[in-house]
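Report on the structure given below.
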Amino acid sequence: MLFLFLGPLTVMGTGVVVHIWMIFVLYIISGLGMAGIGMGIMHDAIHGSYSKKKAVNRCLGLTMNLIGANADVWRIQHNVLHHTYTNVQEADDDINMPFFLRFSSHGKKYWIHRFQYLYRKKYILSELFFRKASTKDKQGVPNSGFNRP
């Protein structure tokens, strides 16, 4: 996953790629590597399940910083807030989604939810990751001091 993320960026950085379509392909490959880091390596490492060695998990958890987010903020948001309030409407940010997604039976039901199976995975793999990597770190964690300017 690290190679899928860094390899295409390295190739583009050398200036060898001149065709715009090749740049798009390399960005897509890099994006797949980024998703793999976020959903595989980093997630399991921060949970402490990637390796039996704590130092290895800590090091691999820092790959979150490599892709533009903050591992420490994610650790608090996910391990503390998400796992404390898993699937609790309004308390678990992982299920508080836009109106066209419904992850909880307690959420309001709209007509569009019957088609959710068609678009849910695409939305989660793209928008959700970028939302967490960009805005959630800046929002901070309630009552923790992270919200200070």
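Starting from 1 in every chain, residues are counted up; chains themselves are A, B, ... following the order of the structure tokens, and ligands are numbered from 1 as listed.
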
* To do: Extract, using only C-alpha atoms, all DNA, RNA and protein residues at most 8 Å from A:Ile37, discarding same-chain residues fewer than 2 positions from it, and format them as a list in words.
  =>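 Counting only the stated atoms, we get Met1, Leu2, Gly33, Met34, Ala35, Met39, Gly40, Ile41, Met42, His43, Thr63 and Met64 of chain A.
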
Write a file of the selected residues as a CSV table (one decimal), in the first residue's frame, keeping N, CA and C atoms.
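File produced: selection-v5.csv:
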```
chain,number,residue,atom,x,y,z
A,1,MET,N,0.8,-1.2,0.0
A,1,MET,CA,0.0,0.0,0.0
A,1,MET,C,0.9,1.3,0.0
A,2,LEU,N,1.9,1.2,0.8
A,2,LEU,CA,2.8,2.4,0.8
A,2,LEU,C,3.4,2.6,-0.6
A,33,GLY,N,-3.7,3.5,-3.1
A,33,GLY,CA,-2.8,3.2,-2.1
A,33,GLY,C,-3.1,4.0,-0.8
A,34,MET,N,-3.6,5.2,-1.0
A,34,MET,CA,-4.0,6.1,0.1
A,34,MET,C,-5.1,5.4,0.9
A,35,ALA,N,-6.1,4.9,0.1
A,35,ALA,CA,-7.2,4.2,0.8
A,35,ALA,C,-6.8,3.0,1.5
A,39,MET,N,-7.5,2.4,5.3
A,39,MET,CA,-8.4,1.3,5.8
A,39,MET,C,-7.7,0.0,6.2
A,40,GLY,N,-6.5,-0.1,5.9
A,40,GLY,CA,-5.8,-1.4,6.2
A,40,GLY,C,-4.7,-1.1,7.2
A,41,ILE,N,-3.6,-0.6,6.8
A,41,ILE,CA,-2.4,-0.5,7.6
A,41,ILE,C,-2.7,0.4,8.9
A,42,MET,N,-3.1,1.6,8.6
A,42,MET,CA,-3.3,2.6,9.7
A,42,MET,C,-4.4,2.2,10.7
A,43,HIS,N,-5.5,1.8,10.2
A,43,HIS,CA,-6.6,1.4,11.1
A,43,HIS,C,-6.2,0.2,12.0
A,63,THR,N,1.4,6.2,9.6
A,63,THR,CA,1.2,6.4,8.1
A,63,THR,C,0.0,7.3,7.9
A,64,MET,N,-0.9,7.4,8.9
A,64,MET,CA,-2.0,8.3,8.7
A,64,MET,C,-1.5,9.7,8.5
```

* To do: Would you list the contacts of A:Leu62 as a list in words, taking every protein, DNA or RNA residue within 12 Å and counting only C-alpha atoms, but skipping same-chain residues closer than 6 positions in sequence?
  =>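 In the requested format, the answer is Ile37, Gly38, Ile41, Met42, His43, Asp44, Ala45, Ile46, Ala55, Val56, Gly68, Ala69, Asn70, Ala71, Asp72, Val73, Trp74 and Arg75 of chain A.
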
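Atom pair atom CA of A:Ile28 / atom CA of A:Gln116: separated by 24.3 Å.
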
* Secondary structure check, alpha helix (DSSP H) residues of stretch 8-133 of chain A, as number ranges by chain -> A: 8-14, 20-36, 43-47, 54-61, 63-66, 71-74, 83-84, 116-123, 129-131

* To do: Find the spatial neighbours of A:Val88, counting only C-alpha atoms, within a cut-off of 12 Å - ignore same-chain residues fewer than 5 positions away - and output them as a ChimeraX atom specification.
  => /A:81-83,93-96,103-107

* Between atom CA of A:Gly7 and atom CA of A:His19, what is the distance, to one decimal in Å? -> 17.3 Å

* Between atom CA of A:Ser30 and atom CA of A:Pro8, what is the spacing in Å? -> 5.8 Å

* Out of A:Lys54, A:Lys109, A:Arg114, A:His47, which residue has the shortest atom-to-atom distance to A:His78 when counting only C-alpha atoms? -> A:His47
